[in-house]
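Participant: Pasting a structure here, questions to come.
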Amino acid sequence: MAHLRSRRRLALAVPVVLSLTASLGFLPGAASAAPRGATTAQSAEGTGLAYVVNTRTDRHTISSVQHAIAAAGGSIVVTYDKIGVIVVHSANPDFAKTLRTVRGVQSAGATRTAPLTAAGTTDEGAAQYLTKAQAAKLGNASAAAGESEPLEADQWDLRVISADKAAKINPGSRKVTVAVIDTGVDDTHPDLAPNFSASQSANCVGGKADTSYGAWRPANPDHYHGTHVAGEIAAARNGIGVVGVAPNVKVAGIKVADPVTELFYPESVVCAFVFAADHGVEVTNNSYYVDPWLYNCMDDPDQRAIVDAVNRAQLYAQRKGTLNVASAGNSNDDLDSHALVDASSPDDSTAVTRTVDPHECFDVPTQLPGVVTVSATGVTNAKSYYSSYGDGVIDVAAPGGDKFKIPDTPSKNGRILSTMPNNQYGFLQGTSMASPHVAGVAALLKSAHPWATPAQLQALLKAQADNPGCPTDPYDGDGNGVVDATCVGGKRVNGFYGFGIVNALRAVK
């Protein structure tokens with residue numbers, strides 16, 4: 001399964017921004033990045049690879065590079081003119097090497113290590129579906145507690161960040177949309193249908209947006225990740241099931257997961273950021289890392305091209321007014337260290353164990369400039385046992401669930417309850433679940449401050465957060481008597497929580 005944030009995600013520190021800017025040596029233009037279908041896309045079936053070719057953005061350069069692509073045996077899938085990213089399929093094993101010598105090409109590389117097939121996330125562990133018997137019992141408990149939603153009594157996460165109180169003041173504006181870049185969203189779910197924005201949804205698998213009706217839905221019910229995330233953000237307060245952090249904002253689905261493997265390839269994510277920006281999305285949620293590399297090292301030309309392409313797309317989205325929120329990962333890694341072991345890359349062929357420095361090898365999109373990086377907490381506000389962390393890396397924290405921290409709720413389940421495909425509900429945990437809580441609070445902030453820029457929204461997220469500070473006792477997340485992590489920093493900013501756990505009530509006030 002792909003890398004939904006059961007995978008790991010890193011955060012953005014100022015030194016990373018500076019090193020990225022220096023390494024990439026560009027800031028793409030700010031004009032429209034609408035795709036130009038220059039050439040009919042080659043079938044995804046066959047023995048070729050997919051590539052991104054990154055160029056200068058003037059029309060002459062793009063045209064000459066397109067001719068060079070054809071001469072090198074490449075077939076253009078789509079050209080994003082204004083950010084200078086061209087998605088290509090080619091069976092020529094020397095394609096990238098050839099294109100790197102072409103005038104105007106700034107980087108070029110393969111986006112996978114295995115041949116194309118016909119088409120990752122950050123949840124931790126298998127889903128636990130809510131049975132009818134459990135739902136009936138929970139409904140009685142919710143009614144007794146005066147909750148408006150039948151399953152709300154189990155939503156400890158909303159109460160931790162005061163989202164239940166915030167909704168009584170401002171449940172969010174209908175003019176604000178959060179796009180879930182993920183495995184797809186089941187918009188037929190009764191808790192999502194009232195708030196779903198079909199006009200801002202698409203299927204970006206392969207790099208070119210498909211906006212045909214329903215294309216954004218998950219390939220099958222087992223691809224539940226995006227639907228769960230969408231419910232955490234904006235499940236409607238409608239007397240059905242659960243409720244989201246921002247129950248009156250709109251939610252869109254941009255599918256980027258391969259229908260078979262659920263891998264999130266770079267060209268699909270590039271398409272998603274550009275599509276969200278060009279369709280007026282205010283916030284994107286990114287609970288995944290871009291496959292096939294957990295870390296993309298700048299001394300490798302293919303991995304450098306991946307960083308370059310996705311960074312151009314997400315920066316374009318920021319310039320168009322979109323705030324990008326991402327999960328920090330579930331490896332319990334110190335992301336401010338100088339040596340991490342990556343034993344999972346590449347994940348589309350044969351993985352090779354390597355040691356990387358996350359200051360030089362980047363988790364994408366999490367470590368890209370301006371992206372809000374989120375760690376996970378449990379019901380006690382302690383860092384979740386699986387959540388990655390890092391001083392100067394984590395921006396804010398939010399409830400992601402923790403099976404070792406048991407809440408005083410009817411189900412006694414420390415994970416996060418939300419929507420699942422086919423009108424179901426289930427519990428998941430992970431930084432994948434923390435990120436949408438932050439996206440929901442960001443949507444509330446945008447509702448209260450409609451003219452705020454992405455940078456201003458990020459500053460507001462940090463300003464209204466509550467920071468528990470580093471724990472006074474050694475951190476033993478799973479309770480086995482072994483110290484699992486060390487928190488560095490002070491009460492205002494530290495490696496476990498960044499600037500703190502987001503607070504929805506402060507956001508609307």
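Following the order of the structure tokens, chains are lettered A, B, ..., residues in each are numbered from 1, and ligands are numbered from 1.
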Applying 9 Å and only C-alpha atoms, which residues near range 487-491 of chain A remain after dropping the ones on its own chain fewer than 3 positions away? List them as a list in words.

Facilitator: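 Answer for this query is Tyr389, Gly390, Asp391, Gly392, Asn467, Pro468, Gly469, Cys470, Pro471, Pro474, Tyr475, Asn494, Gly495, Phe496, Gly498, Phe499 and Gly500 of chain A.
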
Participant: For the selection just defined, write its residues with N, CA, C and O atoms to a file, as a PDB file, in the first residue's frame.

Facilitator:
```
ATOM      1  N   TYR A 389       9.009  13.728  14.735  1.00  0.00           N
ATOM      2  CA  TYR A 389       9.126  14.994  15.451  1.00  0.00           C
ATOM      3  C   TYR A 389      10.423  15.667  15.019  1.00  0.00           C
ATOM      4  O   TYR A 389      11.133  15.153  14.160  1.00  0.00           O
ATOM      5  N   GLY A 390      10.736  16.809  15.590  1.00  0.00           N
ATOM      6  CA  GLY A 390      11.999  17.469  15.255  1.00  0.00           C
ATOM      7  C   GLY A 390      11.958  18.951  15.527  1.00  0.00           C
ATOM      8  O   GLY A 390      11.061  19.655  15.043  1.00  0.00           O
ATOM      9  N   ASP A 391      12.910  19.422  16.303  1.00  0.00           N
ATOM     10  CA  ASP A 391      12.988  20.840  16.630  1.00  0.00           C
ATOM     11  C   ASP A 391      13.257  21.652  15.368  1.00  0.00           C
ATOM     12  O   ASP A 391      14.191  21.356  14.612  1.00  0.00           O
ATOM     13  N   GLY A 392      12.439  22.679  15.122  1.00  0.00           N
ATOM     14  CA  GLY A 392      12.592  23.494  13.936  1.00  0.00           C
ATOM     15  C   GLY A 392      12.001  22.861  12.698  1.00  0.00           C
ATOM     16  O   GLY A 392      12.106  23.409  11.597  1.00  0.00           O
ATOM     17  N   ASN A 467       0.711  25.106  23.533  1.00  0.00           N
ATOM     18  CA  ASN A 467       1.905  24.260  23.600  1.00  0.00           C
ATOM     19  C   ASN A 467       2.063  23.649  24.991  1.00  0.00           C
ATOM     20  O   ASN A 467       2.271  24.370  25.962  1.00  0.00           O
ATOM     21  N   PRO A 468       1.983  22.313  25.098  1.00  0.00           N
ATOM     22  CA  PRO A 468       2.170  21.673  26.404  1.00  0.00           C
ATOM     23  C   PRO A 468       3.603  21.759  26.914  1.00  0.00           C
ATOM     24  O   PRO A 468       3.852  21.524  28.097  1.00  0.00           O
ATOM     25  N   GLY A 469       4.537  22.070  26.012  1.00  0.00           N
ATOM     26  CA  GLY A 469       5.946  22.061  26.378  1.00  0.00           C
ATOM     27  C   GLY A 469       6.501  20.654  26.400  1.00  0.00           C
ATOM     28  O   GLY A 469       5.769  19.671  26.375  1.00  0.00           O
ATOM     29  N   CYS A 470       7.812  20.544  26.419  1.00  0.00           N
ATOM     30  CA  CYS A 470       8.426  19.216  26.459  1.00  0.00           C
ATOM     31  C   CYS A 470       8.074  18.505  27.761  1.00  0.00           C
ATOM     32  O   CYS A 470       7.973  19.141  28.817  1.00  0.00           O
ATOM     33  N   PRO A 471       7.855  17.199  27.713  1.00  0.00           N
ATOM     34  CA  PRO A 471       7.533  16.455  28.939  1.00  0.00           C
ATOM     35  C   PRO A 471       8.678  16.512  29.932  1.00  0.00           C
ATOM     36  O   PRO A 471       9.855  16.525  29.554  1.00  0.00           O
ATOM     37  N   PRO A 474      11.186  11.329  31.057  1.00  0.00           N
ATOM     38  CA  PRO A 474      11.624  10.708  29.801  1.00  0.00           C
ATOM     39  C   PRO A 474      10.429  10.174  29.017  1.00  0.00           C
ATOM     40  O   PRO A 474       9.510   9.590  29.599  1.00  0.00           O
ATOM     41  N   TYR A 475      10.452  10.351  27.708  1.00  0.00           N
ATOM     42  CA  TYR A 475       9.312   9.980  26.872  1.00  0.00           C
ATOM     43  C   TYR A 475       9.332   8.485  26.556  1.00  0.00           C
ATOM     44  O   TYR A 475      10.277   7.978  25.943  1.00  0.00           O
ATOM     45  N   ASN A 494       8.949  23.698  20.337  1.00  0.00           N
ATOM     46  CA  ASN A 494       9.781  22.529  20.612  1.00  0.00           C
ATOM     47  C   ASN A 494       9.569  21.458  19.545  1.00  0.00           C
ATOM     48  O   ASN A 494       8.716  21.587  18.666  1.00  0.00           O
ATOM     49  N   GLY A 495      10.376  20.411  19.644  1.00  0.00           N
ATOM     50  CA  GLY A 495      10.389  19.396  18.602  1.00  0.00           C
ATOM     51  C   GLY A 495       9.188  18.478  18.569  1.00  0.00           C
ATOM     52  O   GLY A 495       8.902  17.879  17.533  1.00  0.00           O
ATOM     53  N   PHE A 496       8.473  18.317  19.693  1.00  0.00           N
ATOM     54  CA  PHE A 496       7.303  17.449  19.717  1.00  0.00           C
ATOM     55  C   PHE A 496       6.072  18.135  19.129  1.00  0.00           C
ATOM     56  O   PHE A 496       5.291  17.499  18.421  1.00  0.00           O
ATOM     57  N   GLY A 498       6.032  21.650  17.837  1.00  0.00           N
ATOM     58  CA  GLY A 498       6.213  22.885  17.091  1.00  0.00           C
ATOM     59  C   GLY A 498       5.760  24.043  17.945  1.00  0.00           C
ATOM     60  O   GLY A 498       6.189  24.212  19.087  1.00  0.00           O
ATOM     61  N   PHE A 499       4.823  24.832  17.416  1.00  0.00           N
ATOM     62  CA  PHE A 499       4.280  25.961  18.178  1.00  0.00           C
ATOM     63  C   PHE A 499       3.105  25.541  19.062  1.00  0.00           C
ATOM     64  O   PHE A 499       2.580  26.362  19.811  1.00  0.00           O
ATOM     65  N   GLY A 500       2.687  24.279  18.958  1.00  0.00           N
ATOM     66  CA  GLY A 500       1.641  23.804  19.849  1.00  0.00           C
ATOM     67  C   GLY A 500       0.541  23.049  19.136  1.00  0.00           C
ATOM     68  O   GLY A 500       0.551  22.878  17.912  1.00  0.00           O
TER      69      GLY A 500
END
```

Participant: Hey, what's within 7 Å of range 361-365 of chain A if we count only C-alpha atoms and toss same-chain stuff fewer than 6 positions away? As a CSV table (one decimal) with N, CA and C atoms, in the first residue's frame, please?

Facilitator:
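Saved as part.csv:
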```csv
chain,number,residue,atom,x,y,z
A,9,ARG,N,6.6,11.6,7.5
A,9,ARG,CA,6.7,12.9,6.9
A,9,ARG,C,7.6,13.8,7.7
A,10,LEU,N,8.3,14.6,7.0
A,10,LEU,CA,9.2,15.5,7.6
A,10,LEU,C,8.6,17.0,7.6
A,289,TYR,N,3.5,10.7,1.5
A,289,TYR,CA,4.7,11.2,0.9
A,289,TYR,C,4.8,10.8,-0.6
A,290,VAL,N,5.4,11.5,-1.4
A,290,VAL,CA,5.5,11.2,-2.8
A,290,VAL,C,6.4,10.0,-3.1
A,294,LEU,N,11.2,7.7,-0.1
A,294,LEU,CA,10.8,8.3,1.1
A,294,LEU,C,11.6,9.7,1.3
A,295,TYR,N,12.8,9.7,0.9
A,295,TYR,CA,13.6,10.9,0.9
A,295,TYR,C,14.2,11.0,-0.5
A,296,ASN,N,14.2,12.2,-1.0
A,296,ASN,CA,14.7,12.5,-2.3
A,296,ASN,C,16.0,13.3,-2.2
A,297,CYS,N,17.1,12.7,-2.5
A,297,CYS,CA,18.4,13.3,-2.3
A,297,CYS,C,18.8,14.1,-3.5
A,298,MET,N,19.3,15.3,-3.2
A,298,MET,CA,19.6,16.3,-4.3
A,298,MET,C,20.8,15.9,-5.1
A,307,VAL,N,11.9,16.5,-6.7
A,307,VAL,CA,11.8,17.7,-5.7
A,307,VAL,C,11.5,19.0,-6.5
```

Participant: Among range 305-468 of chain A, which residues carry a DSSP assignment of helix (DSSP H, G or I), reported as a ChimeraX atom specification?

Facilitator: /A:305-319,431-448,454-463

Participant: Pick out the closest residue to Arg354 in chain A from this set: A:Ala143, A:Asp342, A:Arg217, A:Ser447. Count only C-alpha atoms.

Facilitator: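 For Arg354 in chain A, the nearest of the candidates is A:Asp342.
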
Participant: If we count only C-alpha atoms and set the cut-off at 8 Å, which residues sit around Ala442 in chain A, ignoring sequence neighbours fewer than 2 positions away in its own chain? Please answer as JSON, numbers by chain.

Facilitator: {"A": [283, 438, 439, 440, 444, 445, 446, 457, 458, 461]}

Participant: Output C-alpha atoms for every residue in that selection, as a tab-separated table (two decimals), in the first residue's frame.

Facilitator:
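This is the output file result-v6.tsv:
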```tsv
chain	number	residue	atom	x	y	z
A	283	VAL	CA	-6.38	24.70	1.73
A	438	VAL	CA	-4.99	21.30	11.15
A	439	ALA	CA	-6.47	21.71	7.66
A	440	GLY	CA	-9.90	22.06	9.28
A	444	LEU	CA	-11.93	28.10	10.07
A	445	LEU	CA	-9.18	30.73	10.14
A	446	LYS	CA	-9.70	31.43	6.44
A	457	LEU	CA	-2.76	31.63	7.84
A	458	GLN	CA	0.30	29.66	8.89
A	461	LEU	CA	-2.20	28.63	13.17
```

Participant: May I ask which of the residues A:Arg112, A:Arg506, A:Arg415, A:Arg492 is the closest one to Asp157 in chain A, counting only C-alpha atoms?

Facilitator: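 When distances to Asp157 in chain A are compared using only C-alpha atoms, the smallest one comes from A:Arg415.
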
Participant: Can you list, as a ChimeraX atom specification, every protein, DNA or RNA residue that comes within 8 Å of Gln464 in chain A when you count only C-alpha atoms, leaving out same-chain residues fewer than 4 positions away?

Facilitator: /A:460,502-503,506-507

Participant: What is the distance between CA of Val269 in chain A and CA of Lys250 in chain A, in Å to one decimal?

Facilitator: 20.9 Å
